[in-house]
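Source file: entry_20.tsv. Holds: TSV, C-alpha atoms.
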chain	number	residue	atom	x	y	z
K	10	MET	CA	99.65	128.43	64.81
K	11	VAL	CA	99.30	131.76	63.02
K	12	ARG	CA	99.70	134.74	65.30
K	13	LEU	CA	96.41	136.64	65.41
K	14	LYS	CA	97.22	139.38	67.89
K	15	ASN	CA	97.63	142.94	66.62
K	16	ILE	CA	97.08	142.11	62.96
K	17	ILE	CA	95.70	144.93	60.89
K	18	VAL	CA	93.72	143.69	57.94
K	19	VAL	CA	92.95	145.78	54.90
K	20	PHE	CA	91.30	144.30	51.83
K	21	LEU	CA	91.57	145.97	48.48
K	22	PHE	CA	90.92	144.54	45.07
K	23	CYS	CA	93.34	144.71	42.23
K	24	SER	CA	93.69	143.07	38.90
K	25	PHE	CA	96.87	141.44	37.67
K	26	SER	CA	96.33	140.35	34.11
K	27	SER	CA	93.06	138.39	34.25
K	28	CYS	CA	93.49	137.12	37.85
K	29	LYS	CA	92.17	138.98	40.84
K	30	MET	CA	94.14	139.03	44.06
K	31	ALA	CA	93.40	140.39	47.52
K	32	TYR	CA	95.81	142.68	49.35
K	33	ILE	CA	96.44	142.28	53.06
K	34	VAL	CA	98.68	143.77	55.75
K	35	VAL	CA	99.95	141.16	58.20
K	36	ASP	CA	102.55	140.63	60.93
K	37	VAL	CA	105.12	138.00	59.98
K	38	PRO	CA	107.37	136.42	62.63
K	39	GLN	CA	111.05	137.32	62.71
K	40	ASP	CA	113.47	134.88	64.33
K	41	PRO	CA	115.10	136.08	67.56
K	42	GLU	CA	118.83	136.68	67.83
K	43	LEU	CA	119.20	133.97	70.52
K	44	PRO	CA	116.46	131.40	69.98
K	45	LEU	CA	115.74	129.07	72.90
K	46	PRO	CA	114.74	125.42	72.41
K	47	SER	CA	111.26	125.21	70.89
K	48	ASP	CA	109.93	123.32	73.92
K	49	ALA	CA	111.03	126.07	76.34
K	50	LYS	CA	107.77	127.85	77.13
K	51	ASP	CA	107.70	128.61	80.86
K	52	VAL	CA	110.05	131.26	82.25
K	53	VAL	CA	110.91	132.30	85.80
K	54	LEU	CA	112.85	135.51	86.45
K	55	ASN	CA	115.59	136.10	88.99
K	56	ASN	CA	116.90	139.38	90.44
K	57	ARG	CA	120.27	138.94	92.18
K	58	LEU	CA	120.75	142.63	92.88
K	59	THR	CA	117.91	143.80	95.14
K	60	ASP	CA	117.49	142.79	98.76
K	61	SER	CA	114.19	141.19	99.78
K	62	LEU	CA	112.92	144.14	101.83
K	63	LYS	CA	113.17	146.55	98.91
K	64	LEU	CA	111.79	144.02	96.45
K	65	HIS	CA	108.60	143.37	98.43
K	66	ASN	CA	107.98	146.83	99.87
K	67	TYR	CA	109.08	149.03	96.99
K	68	LYS	CA	106.83	151.93	96.02
K	69	ARG	CA	107.17	154.64	93.41
K	70	ASP	CA	107.82	157.24	96.16
K	71	PHE	CA	110.69	155.20	97.57
K	72	VAL	CA	113.45	157.51	98.88
K	73	LEU	CA	117.03	156.37	98.85
K	74	LYS	CA	118.89	156.61	102.13
K	75	GLY	CA	122.07	157.34	100.27
K	76	SER	CA	123.30	158.05	96.78
K	77	GLY	CA	125.73	155.16	96.43
K	78	LYS	CA	125.93	153.50	93.04
K	79	ASP	CA	125.04	150.05	94.38
K	80	GLU	CA	121.92	151.44	96.03
K	81	VAL	CA	120.80	153.06	92.78
K	82	ILE	CA	121.41	149.76	90.99
K	83	SER	CA	119.48	147.84	93.63
K	84	VAL	CA	116.40	149.99	93.08
K	85	ALA	CA	116.79	150.17	89.30
K	86	ALA	CA	117.00	146.36	89.08
K	87	ILE	CA	113.34	146.20	90.12
K	88	ARG	CA	112.38	148.17	87.03
K	89	VAL	CA	114.55	145.93	84.87
K	90	ILE	CA	112.57	142.92	86.09
K	91	LYS	CA	109.34	144.85	85.44
K	92	GLY	CA	110.47	145.42	81.85
K	93	LEU	CA	111.15	141.71	81.49
K	94	GLU	CA	107.74	140.83	82.95
K	95	ASP	CA	105.89	143.21	80.62
K	96	ASN	CA	107.62	141.86	77.53
K	97	ILE	CA	106.78	138.27	78.46
K	98	THR	CA	103.13	138.92	79.29
K	99	GLU	CA	102.57	141.02	76.15
K	100	GLY	CA	103.98	138.31	73.88
K	101	TYR	CA	102.79	134.81	73.13
K	102	ARG	CA	106.05	132.82	73.12
K	103	PHE	CA	106.57	132.43	76.88
K	104	ASN	CA	104.56	132.00	80.05
K	105	LEU	CA	105.71	133.90	83.14
K	106	LYS	CA	106.05	131.71	86.25
K	107	GLY	CA	107.01	134.50	88.66
K	108	ASP	CA	110.12	136.33	89.84
K	109	PHE	CA	112.42	135.45	92.71
K	110	LEU	CA	115.71	136.20	94.41
K	111	LEU	CA	118.57	133.71	94.25
K	112	ALA	CA	122.04	134.50	95.64
K	113	THR	CA	121.38	138.14	96.54
K	114	LEU	CA	124.63	140.10	96.37
K	115	ASP	CA	125.70	142.83	98.77
K	116	SER	CA	128.38	144.54	96.69
K	117	GLY	CA	129.95	144.69	93.28
K	118	LEU	CA	126.59	144.91	91.54
K	119	SER	CA	128.02	146.46	88.38
K	120	ILE	CA	130.05	143.41	87.30
K	121	LEU	CA	128.83	140.02	86.11
K	122	GLN	CA	128.94	137.71	89.12
K	123	PRO	CA	129.77	133.98	89.27
K	124	PRO	CA	126.81	131.89	88.09
K	125	VAL	CA	124.02	130.76	90.40
K	126	PRO	CA	124.83	127.15	91.44
K	127	GLU	CA	123.03	124.44	89.50
K	128	LYS	CA	121.09	122.93	92.41
K	129	PRO	CA	119.21	126.14	93.39
K	130	VAL	CA	118.35	126.72	89.72
K	131	ILE	CA	116.97	123.19	89.32
K	132	SER	CA	115.06	123.46	92.60
K	133	LEU	CA	113.42	126.78	91.69
K	134	CYS	CA	112.47	125.63	88.20
K	135	GLU	CA	110.96	122.42	89.57
K	136	LYS	CA	109.03	124.41	92.17
K	137	THR	CA	107.58	126.82	89.62
K	138	GLY	CA	107.31	124.47	86.64
K	139	ALA	CA	109.67	126.65	84.61
K	140	ASP	CA	111.73	125.46	81.65
K	141	VAL	CA	114.31	128.25	81.95
K	142	LEU	CA	115.51	130.80	84.49
K	143	VAL	CA	116.31	134.28	83.15
K	144	SER	CA	118.53	135.95	85.73
K	145	LEU	CA	119.60	139.59	86.08
K	146	GLU	CA	123.14	139.38	87.46
K	147	SER	CA	124.68	142.83	87.08
K	148	VAL	CA	123.75	146.40	86.24
K	149	ASP	CA	126.19	149.17	85.38
K	150	TYR	CA	125.39	152.71	84.31
K	151	LYS	CA	126.98	156.02	83.46
K	152	THR	CA	125.29	159.41	83.47
K	153	SER	CA	126.44	162.63	81.82
K	154	VAL	CA	124.98	166.13	81.68
K	155	LYS	CA	125.94	168.73	79.08
K	156	TYR	CA	124.89	172.37	79.06
K	157	GLU	CA	124.45	174.63	76.07
K	158	SER	CA	123.50	178.31	76.22
K	159	PHE	CA	121.70	180.41	73.60
K	160	MET	CA	120.20	183.90	73.34
K	161	ALA	CA	116.47	184.42	72.82
K	162	LYS	CA	113.67	186.80	73.69
K	163	GLU	CA	111.61	185.98	76.74
K	164	PRO	CA	108.25	184.55	75.59
K	165	VAL	CA	105.16	186.67	76.15
K	166	ASP	CA	103.28	185.49	79.23
K	167	PRO	CA	99.77	186.98	79.68
K	168	LYS	CA	100.06	186.44	83.42
K	169	LYS	CA	102.79	189.08	83.49
K	170	ILE	CA	100.62	191.83	81.98
K	171	TRP	CA	98.58	194.13	84.20
K	172	SER	CA	96.47	196.89	82.62
K	173	ASN	CA	98.66	198.48	79.97
K	174	THR	CA	101.92	197.84	81.76
K	175	ILE	CA	104.16	195.19	80.22
K	176	THR	CA	106.38	193.65	82.89
K	177	TYR	CA	108.33	191.11	80.84
K	178	ASP	CA	111.72	191.80	79.28
K	179	ARG	CA	111.70	192.08	75.46
K	180	ARG	CA	115.48	192.05	75.24
K	181	GLN	CA	117.34	188.89	74.32
K	182	VAL	CA	118.29	186.92	77.38
K	183	GLU	CA	120.46	183.85	77.91
K	184	TYR	CA	118.87	180.41	78.24
K	185	PHE	CA	120.48	177.08	79.05
K	186	ASN	CA	119.71	173.65	77.65
K	187	ALA	CA	120.65	170.73	79.87
K	188	ARG	CA	121.00	167.32	78.20
K	189	MET	CA	121.22	164.28	80.43
K	190	LYS	CA	122.11	160.88	79.02
K	191	VAL	CA	122.09	157.56	80.87
K	192	ASN	CA	123.89	154.55	79.41
K	193	ILE	CA	123.01	151.26	81.07
K	194	GLU	CA	124.45	147.77	80.76
K	195	LEU	CA	122.69	144.65	82.07
K	196	GLY	CA	124.59	141.44	82.71
K	197	TRP	CA	122.28	138.46	82.47
K	198	ARG	CA	122.21	134.69	82.15
K	199	ILE	CA	119.71	132.09	81.02
K	200	TYR	CA	119.80	128.77	82.86
K	201	GLU	CA	118.23	125.50	81.72
K	202	GLY	CA	115.66	124.34	84.24
K	203	LYS	CA	116.38	120.61	84.12
K	204	THR	CA	120.15	120.79	84.45
K	205	GLY	CA	120.79	124.22	85.97
K	206	LYS	CA	123.43	124.83	83.31
K	207	ILE	CA	123.94	128.13	81.52
K	208	ILE	CA	122.35	128.38	78.08
K	209	TYR	CA	123.50	131.94	77.49
K	210	GLN	CA	125.28	134.77	79.23
K	211	GLY	CA	125.95	138.27	77.97
K	212	TYR	CA	125.08	141.93	78.16
K	213	GLN	CA	122.20	144.10	77.05
K	214	ARG	CA	122.94	147.79	76.52
K	215	ASP	CA	120.56	150.71	76.14
K	216	SER	CA	120.27	154.41	76.90
K	217	VAL	CA	117.81	157.20	77.58
K	218	SER	CA	118.18	160.97	77.18
K	219	TYR	CA	116.46	163.97	78.73
K	220	GLU	CA	116.57	167.61	77.66
K	221	VAL	CA	115.29	170.57	79.67
K	222	GLN	CA	115.62	174.34	79.52
K	223	GLY	CA	116.13	177.05	82.13
K	224	ARG	CA	117.24	180.66	82.60
K	225	SER	CA	120.38	179.39	84.33
K	226	LYS	CA	122.31	176.16	84.71
K	227	GLU	CA	120.90	175.77	88.19
K	228	GLU	CA	117.30	176.18	86.99
K	229	ALA	CA	117.81	173.74	84.14
K	230	ASN	CA	119.53	171.25	86.41
K	231	LYS	CA	116.59	171.26	88.84
K	232	LYS	CA	114.28	170.20	86.02
K	233	LEU	CA	116.30	167.08	85.25
K	234	PRO	CA	115.16	163.80	86.82
K	235	SER	CA	117.12	162.32	89.69
K	236	VAL	CA	119.82	159.80	88.84
K	237	VAL	CA	117.80	156.92	90.29
K	238	THR	CA	114.71	157.88	88.26
K	239	ALA	CA	116.74	158.16	85.06
K	240	VAL	CA	118.52	154.83	85.67
K	241	GLU	CA	115.19	153.17	86.49
K	242	LYS	CA	113.81	154.32	83.14
K	243	ALA	CA	116.87	153.11	81.27
K	244	GLY	CA	116.67	149.79	83.12
K	245	PHE	CA	113.04	149.27	82.21
K	246	ILE	CA	113.78	149.85	78.51
K	247	ALA	CA	116.84	147.59	78.57
K	248	GLY	CA	114.88	144.91	80.43
K	249	ARG	CA	112.33	144.75	77.65
K	250	GLY	CA	115.19	144.44	75.20
K	251	VAL	CA	116.51	141.31	76.93
K	252	MET	CA	113.41	139.29	76.05
K	253	LYS	CA	113.34	140.67	72.52
K	254	ARG	CA	116.66	138.91	71.90
K	255	ILE	CA	115.22	135.49	72.76
K	256	SER	CA	111.56	135.91	71.83
K	257	PRO	CA	110.25	136.17	68.25
K	258	ALA	CA	109.49	139.66	67.01
K	259	TYR	CA	107.07	140.65	64.27
K	260	SER	CA	107.34	142.81	61.20
K	261	THR	CA	104.32	144.38	59.51
K	262	VAL	CA	104.38	143.69	55.78
K	263	GLU	CA	102.16	143.81	52.70
K	264	ARG	CA	101.16	140.57	51.06
K	265	TYR	CA	98.84	139.44	48.22
K	266	TYR	CA	96.97	136.15	47.80
K	267	TYR	CA	94.65	134.59	45.23
K	268	LYS	CA	91.01	134.87	46.23
K	269	ASN	CA	88.94	134.18	43.10
K	270	ALA	CA	90.17	131.08	41.27
K	271	ASN	CA	87.00	129.07	41.98
K	272	PRO	CA	84.18	128.80	44.58
K	273	ASP	CA	86.50	127.17	47.14
K	274	PHE	CA	88.97	130.05	46.87
K	275	ARG	CA	86.11	132.46	47.43
K	276	LYS	CA	85.09	130.55	50.56
K	277	ALA	CA	88.66	130.74	51.80
K	278	TYR	CA	88.65	134.47	51.11
K	279	GLN	CA	85.71	134.89	53.49
K	280	LEU	CA	87.62	133.03	56.19
K	281	VAL	CA	90.71	135.19	55.75
K	282	LYS	CA	88.51	138.22	56.44
K	283	PHE	CA	88.28	136.83	59.97
K	284	ARG	CA	91.97	135.90	59.96
K	285	ARG	CA	91.21	132.19	59.98
K	286	TRP	CA	94.27	131.22	57.95
K	287	GLU	CA	94.38	127.59	58.98
K	288	ASP	CA	90.74	127.09	58.00
K	289	ALA	CA	91.30	128.90	54.70
K	290	SER	CA	94.26	126.66	53.91
K	291	LYS	CA	91.94	123.61	54.04
K	292	TYR	CA	90.22	124.99	50.92
K	293	TRP	CA	93.48	125.73	49.12
K	294	GLU	CA	95.49	122.62	49.96
K	295	PRO	CA	93.44	120.10	47.86
K	296	TYR	CA	94.19	122.15	44.74
K	297	LEU	CA	97.89	121.41	45.09
K	298	ASN	CA	96.93	118.25	43.17
K	299	SER	CA	94.76	120.01	40.60
K	300	ASN	CA	95.07	119.15	36.92
K	301	LYS	CA	94.77	122.85	36.12
K	302	LEU	CA	98.30	124.18	36.34
K	303	LYS	CA	97.35	127.80	37.04
K	304	THR	CA	94.93	126.79	39.82
K	305	LYS	CA	97.61	124.55	41.26
K	306	ALA	CA	100.08	127.45	41.15
K	307	LYS	CA	97.62	129.77	42.91
K	308	ALA	CA	97.05	127.19	45.65
K	309	ALA	CA	100.81	126.77	46.13
K	310	TYR	CA	101.22	130.55	46.30
K	311	ASN	CA	98.54	130.85	48.99
K	312	MET	CA	99.97	127.94	50.97
K	313	ALA	CA	103.37	129.65	50.87
K	314	LEU	CA	101.81	132.66	52.54
K	315	VAL	CA	100.29	130.49	55.29
K	316	ALA	CA	103.67	128.85	55.85
K	317	GLU	CA	105.35	132.24	56.13
K	318	LEU	CA	102.80	133.42	58.68
K	319	ASN	CA	103.49	130.25	60.66
K	320	GLY	CA	107.21	131.07	60.62
K	321	ASP	CA	108.20	128.12	58.37
K	322	LEU	CA	110.24	129.86	55.68
K	323	LYS	CA	111.63	126.65	54.20
K	324	LEU	CA	108.14	125.31	53.59
K	325	ALA	CA	107.06	128.69	52.22
K	326	HIS	CA	110.00	128.59	49.81
K	327	SER	CA	109.10	125.09	48.66
K	328	TYR	CA	105.51	126.14	47.90
K	329	ILE	CA	106.35	129.37	46.08
K	330	ARG	CA	109.14	127.69	44.08
K	331	ASP	CA	106.64	125.07	42.92
K	332	ALA	CA	104.18	127.83	42.00
K	333	CYS	CA	106.82	129.56	39.85
K	334	GLU	CA	107.64	126.32	38.05
K	335	LEU	CA	103.96	125.70	37.35
K	336	TRP	CA	103.36	129.23	36.09
K	337	PRO	CA	106.61	130.58	34.61
K	338	ASP	CA	107.12	134.30	34.09
K	339	LYS	CA	104.20	135.25	36.34
K	340	LYS	CA	105.54	138.45	37.92
K	341	GLU	CA	103.53	138.18	41.17
K	342	LEU	CA	104.90	134.70	41.85
K	343	GLU	CA	108.47	135.69	41.04
K	344	ALA	CA	108.20	138.75	43.29
K	345	TYR	CA	107.06	136.68	46.26
K	346	LEU	CA	109.77	134.08	45.60
K	347	LYS	CA	112.40	136.84	45.88
K	348	VAL	CA	110.87	138.01	49.18
K	349	ILE	CA	111.05	134.52	50.70
K	350	GLU	CA	114.56	133.89	49.36
K	351	GLU	CA	115.78	137.17	50.87
K	352	ARG	CA	114.26	136.26	54.24
K	353	LEU	CA	115.92	132.84	54.11
K	354	LEU	CA	119.25	134.43	53.23
K	355	ASN	CA	119.01	136.78	56.24
K	356	LYS	CA	118.07	133.89	58.51
K	357	TYR	CA	120.72	131.41	57.43

Translate this structure into structure tokens?
Amino acid sequence: MVRLKNIIVVFLFCSFSSCKMAYIVVDVPQDPELPLPSDAKDVVLNNRLTDSLKLHNYKRDFVLKGSGKDEVISVAAIRVIKGLEDNITEGYRFNLKGDFLLATLDSGLSILQPPVPEKPVISLCEKTGADVLVSLESVDYKTSVKYESFMAKEPVDPKKIWSNTITYDRRQVEYFNARMKVNIELGWRIYEGKTGKIIYQGYQRDSVSYEVQGRSKEEANKKLPSVVTAVEKAGFIAGRGVMKRISPAYSTVERYYYKNANPDFRKAYQLVKFRRWEDASKYWEPYLNSNKLKTKAKAAYNMALVAELNGDLKLAHSYIRDACELWPDKKELEAYLKVIEERLLNKY
């Protein structure tokens, strides 16, 4: 089915030779880096790094009892799972079946652990009706803070002025920039629900940066977020990135299509206004057998666009290649053929 969510539609009219076309801005699907089987729709998440008490009672004002690295990771892992959840629920490819804890670990959270045994994976997936288990199995992070000083005049602050007496210093004074960077690395695995076997294992890396300013290093340092807050943020961003690697993304592009070849094309044009591509294609498809070569070429061109929006680049290529053969030297057809061929080249 054609993805309808978040499509921005703009219709303009332009003339190419004697044939009018409509212009549209659409989102076309881009294949993920690690595509899962097409029948894998239902996903359950697993967090191996956070104990049950923290997972179920966690609040934003949670205060760490200590500053150990494993404790920071344990809290940050919750935000990683939240990033995963958000990415799944915002997309259309997968259905979220919940999040759980399997094989909670007490130490060594920054290295990829041995896999979860097959039987618990199968049991959980059967219980939840999930096709795959996406499991967070390690988190590692590094933080760094760099300071840089510069000279500048103190900004004028009206609150520091009483009567005609100016109480702020107009001389140049030293300021300090503090730049904090957090690099985070997630170790994760995807397990097949039916067999419990690993489909994929690897790492997802990301980073966040903060910059603050103060009159001294101490003042600037106080404005920086705590390590746990910074790692949580980095974890959330990296968590969203995990699903992007296995879920289709979308790219906003400009496309043209024929709207005015005959009354049926005009009817289809009205349907496209409401983004009803499948219904519009029912008006174009019969003209693939037209005796009028140009009309047949226009229908093939439009059907290529529908195929591209459905993510079937091979079918789109077949349609647009036929259109070019039917109507040689038509620049609009040749241009779209090059677009599809480039996308196929990048994919395969």

* Give the answer as one residue: which of K:Val281, K:Val154, K:Cys333, K:Ala289 has the shortest atom-to-atom distance to Glu220 in chain K, using only C-alpha atoms? => K:Val154

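Within 12 Å of the point (91.1, 124.8, 54.8), and counting all atoms listed in the file, the protein, DNA and RNA residues are Asp273, Phe274, Arg275, Lys276, Ala277, Tyr278, Gln279, Leu280, Val281, Arg285, Trp286, Glu287, Asp288, Ala289, Ser290, Lys291, Tyr292, Trp293, Glu294, Pro295, Tyr296, Ala308, Asn311, Met312 and Val315 of chain K.
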
* To do: Give the answer as one residue: which of K:Lys301, K:Arg264, K:Lys151, K:Lys232 has the shortest atom-to-atom distance to Arg214 in chain K, using only C-alpha atoms?
  =>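 Once distances to Arg214 in chain K are computed over only C-alpha atoms, the minimum belongs to K:Lys151.
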
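CA of Ser132 in chain K to CA of Lys206 in chain K spans 12.6 Å [interatomic distance, one decimal].
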
* Extract, using all atoms listed in the file, all DNA, RNA and protein residues at most 8 Å from Lys226 in chain K, discarding same-chain residues fewer than 6 positions from it, and format them as a list in words. => Tyr156, Phe185, Asn186 and Ala187 of chain K

* Asked: Counting only C-alpha atoms, what is within 12 Å of Pro123 in chain K, bar same-chain residues fewer than 4 positions away, as a ChimeraX atom specification?
  -> /K:57,112-114,117-118,127,144,146-147,196-198,207,210

* Nearest to Tyr328 in chain K by atom-to-atom distance, counting all atoms listed in the file, from K:Leu346, K:Lys340, K:Glu80, K:Arg88 ->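 Result for the nearest residue to Tyr328 in chain K: K:Leu346.
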
* Between K:Ser327, K:Asn319, K:Thr304, K:Thr137, single out the one closest to Glu350 in chain K, counting all atoms listed in the file. =>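 Of the candidates, the smallest distance to Glu350 in chain K is held by K:Ser327.
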
* Find the residues near Val217 in chain K: any atom within 6 Å, counting all atoms listed in the file, skip ones fewer than 3 places away on the same chain, and give them as a list in words. => Lys190, Val191 and Ala243 of chain K

* Asked: Looking at all atoms listed in the file, which of K:Met160, K:Leu318, K:Ala313, K:Val141 is the one that sits closest to Val35 in chain K?
  ->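 For Val35 in chain K, the nearest of the candidates is K:Leu318.
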
* **Among the residues K:Lys29, K:Arg249, K:Lys136, K:Lys128, the one that comes closest to Asp95 in chain K [using all atoms listed in the file]** =>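 Closest candidate: K:Arg249.
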
* **Point-to-point distance from CA of Ser119 in chain K to CA of Gly77 in chain K, Å rounded to tenths** =>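 That distance, rounded to one decimal, is 12.1 Å.
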
* **Spatial neighbours of Val89 in chain K, max dist 7 Å, all atoms listed in the file, sep filter under 6 positions, as a VMD selection string** => chain K and resid 244 to 245 247 to 248

* Asked: For the point (105.4, 130.0, 48.9) in file coordinates, what residues are within 9 Å, counting only C-alpha atoms? Give the answer as a list in words?
  -> Ala309, Tyr310, Asn311, Met312, Ala313, Leu314, Val315, Ala316, Glu317, Leu322, Lys323, Leu324, Ala325, His326, Ser327, Tyr328, Ile329, Arg330, Asp331, Ala332, Leu342, Tyr345, Leu346 and Ile349 of chain K
